[in-house]
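Here the structure comes first, spelled out in structure tokens, and everything after it is commentary.
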Amino acid sequence: MKTDVNKIDTKEAQVAPVVKRDNSKIYFFVIAIAALLATNIYFYVKYKSSGEKLYTVTLQKENLQIEIDRIEAELDNIKSEGITSTAALVAAEQSARQKIEDLRKGLENNEITGPQIEAAKADVSLLKNQVSKMKDDVTALKIKNQLLAETNSDLNKQIKDSETKAATLITEKNALTDKIAKASSIKVSNVHIIGIEEKRNGSLENENKAKRIDKLQINFTVADNPLAAMGKKEVYVRIINPKGNLIANSEDLFLVHGEKLQYTFKENIEFNNNGQEYQFMWSDPNHKFQKGAYTVLLYADDAIMGRSSVVLK
């Protein structure tokens, strides 16, 4: 029995070192796993931080791009106002658009850093202020132009009203002048036409038979007119034969109210405004008198004085 106990003790003594080697391996693996976990955690934290930074930068770039797009849209709206820009506004617009182009190029750089982002933000802020000032300037210019347009409209209306009044006054003046001219023209109170036969002895006798008549005698009296100017008056006579034709030469013309008329003959009289009587004698060596009515019309002072007729048998 002793011998067996000793054997058992010896085996137990031999097993003890083997158990010790297994514990060291476990410790080694634990330490290795812990180191690996620590390394993984380090790189996880590091790459997570880098990813967050990259996401933040990307988001900031997108926000900046949106702001730049808004600013450019504002510039386009300002330009579409259709207002004549001043030199200062043109220069400001060109500067703003150049700044926008520079910012877009900067944001296209994928390696942009945080400080560059902050600098870009500052640039965008300045650009917004610049565009805002431009917008205020354009609004002020628009208001100014509207006021000028209203002022010009008022001035044009005043000018048009003045021109209308002037035209009305001219029309009234012309009408008044015409009335005065008509009122101041001399008129006949009566006209009497007589056929005259000239005898061989030179004496004159009244005649109403066309074949015996040599001349027409036109007797007329000028009515008193205090508005008429006294002095020499040129009287134009138009004689129409029984066929309704005017007896006149084509080159013998005078004016009545601006219209050219032919006349048969003309004579001068001295107007004294005292109801004086006048007498004209007329004959046509180229034509013999015909049976029928002869009409005589008298004109002076750019107007008709009177008219009368005689019927020859």
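Naming scheme: A, B, ... for chains in displayed order of the structure tokens; residues 1 onward per chain; ligands 1 onward as shown.
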
### Message
Considering only strand (DSSP E) as DSSP defines it on the backbone, what residues of range 215-312 of chain A qualify? List them as a PyMOL selection string.
### Response
chain A and resi 215-222+231-240+253-256+259-262+265-271+277-282+292-300+303-312

Hey, which bits of range 196-248 of chain A sit within 10 Å of range 291-298 of chain A, and for each residue what's the closest pair of atoms and how far apart in Å (one decimal), counting only C-alpha atoms, rows by chain and increasing number, as a Markdown table?
```
| residue | atom | partner | partner_atom | distance |
| --- | --- | --- | --- | --- |
| A:Asn208 | CA | A:Lys291 | CA | 9.3 |
| A:Lys209 | CA | A:Lys291 | CA | 7.6 |
| A:Ala210 | CA | A:Lys291 | CA | 5.4 |
| A:Lys211 | CA | A:Lys291 | CA | 8.1 |
| A:Leu216 | CA | A:Tyr294 | CA | 9.5 |
| A:Ile218 | CA | A:Val296 | CA | 8.3 |
| A:Phe220 | CA | A:Leu298 | CA | 9.5 |
| A:Val235 | CA | A:Leu298 | CA | 6.7 |
| A:Tyr236 | CA | A:Leu298 | CA | 5.8 |
| A:Val237 | CA | A:Leu298 | CA | 4.8 |
| A:Arg238 | CA | A:Leu297 | CA | 5.1 |
| A:Ile239 | CA | A:Val296 | CA | 4.7 |
| A:Ile240 | CA | A:Thr295 | CA | 5.2 |
| A:Asn241 | CA | A:Tyr294 | CA | 5.0 |
| A:Pro242 | CA | A:Ala293 | CA | 4.9 |
| A:Lys243 | CA | A:Gly292 | CA | 8.2 |
| A:Gly244 | CA | A:Tyr294 | CA | 8.6 |
| A:Asn245 | CA | A:Tyr294 | CA | 9.9 |
| A:Leu246 | CA | A:Thr295 | CA | 9.4 |
```

### Task
Point out the residue among A:Lys233, A:Arg307, A:Lys165, A:Lys215 with the least atom-to-atom distance to Asp284 in chain A, counting only C-alpha atoms.
A:Lys215

### Task
Within 10 Å of Leu255 in chain A, counting only C-alpha atoms, which residues show up once you throw out same-chain ones fewer than 6 positions away? Write them as a ChimeraX atom specification, please.
/A:261-262,299-303

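Atom to atom, CA of Met134 in chain A and CA of Asn77 in chain A stand 11.2 Å apart.
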
### Query
Which is closest to Lys135 in chain A among A:Val310, A:Ile71, A:Ile26, A:Ala166, if we use only C-alpha atoms?
A:Ile71

### Summary
A straight line from CA of Leu176 in chain A to CA of Leu227 in chain A spans 13.8 Å

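Relative to CA of Glu172 in chain A, CA of Met230 in chain A is found at 26.7 Å.
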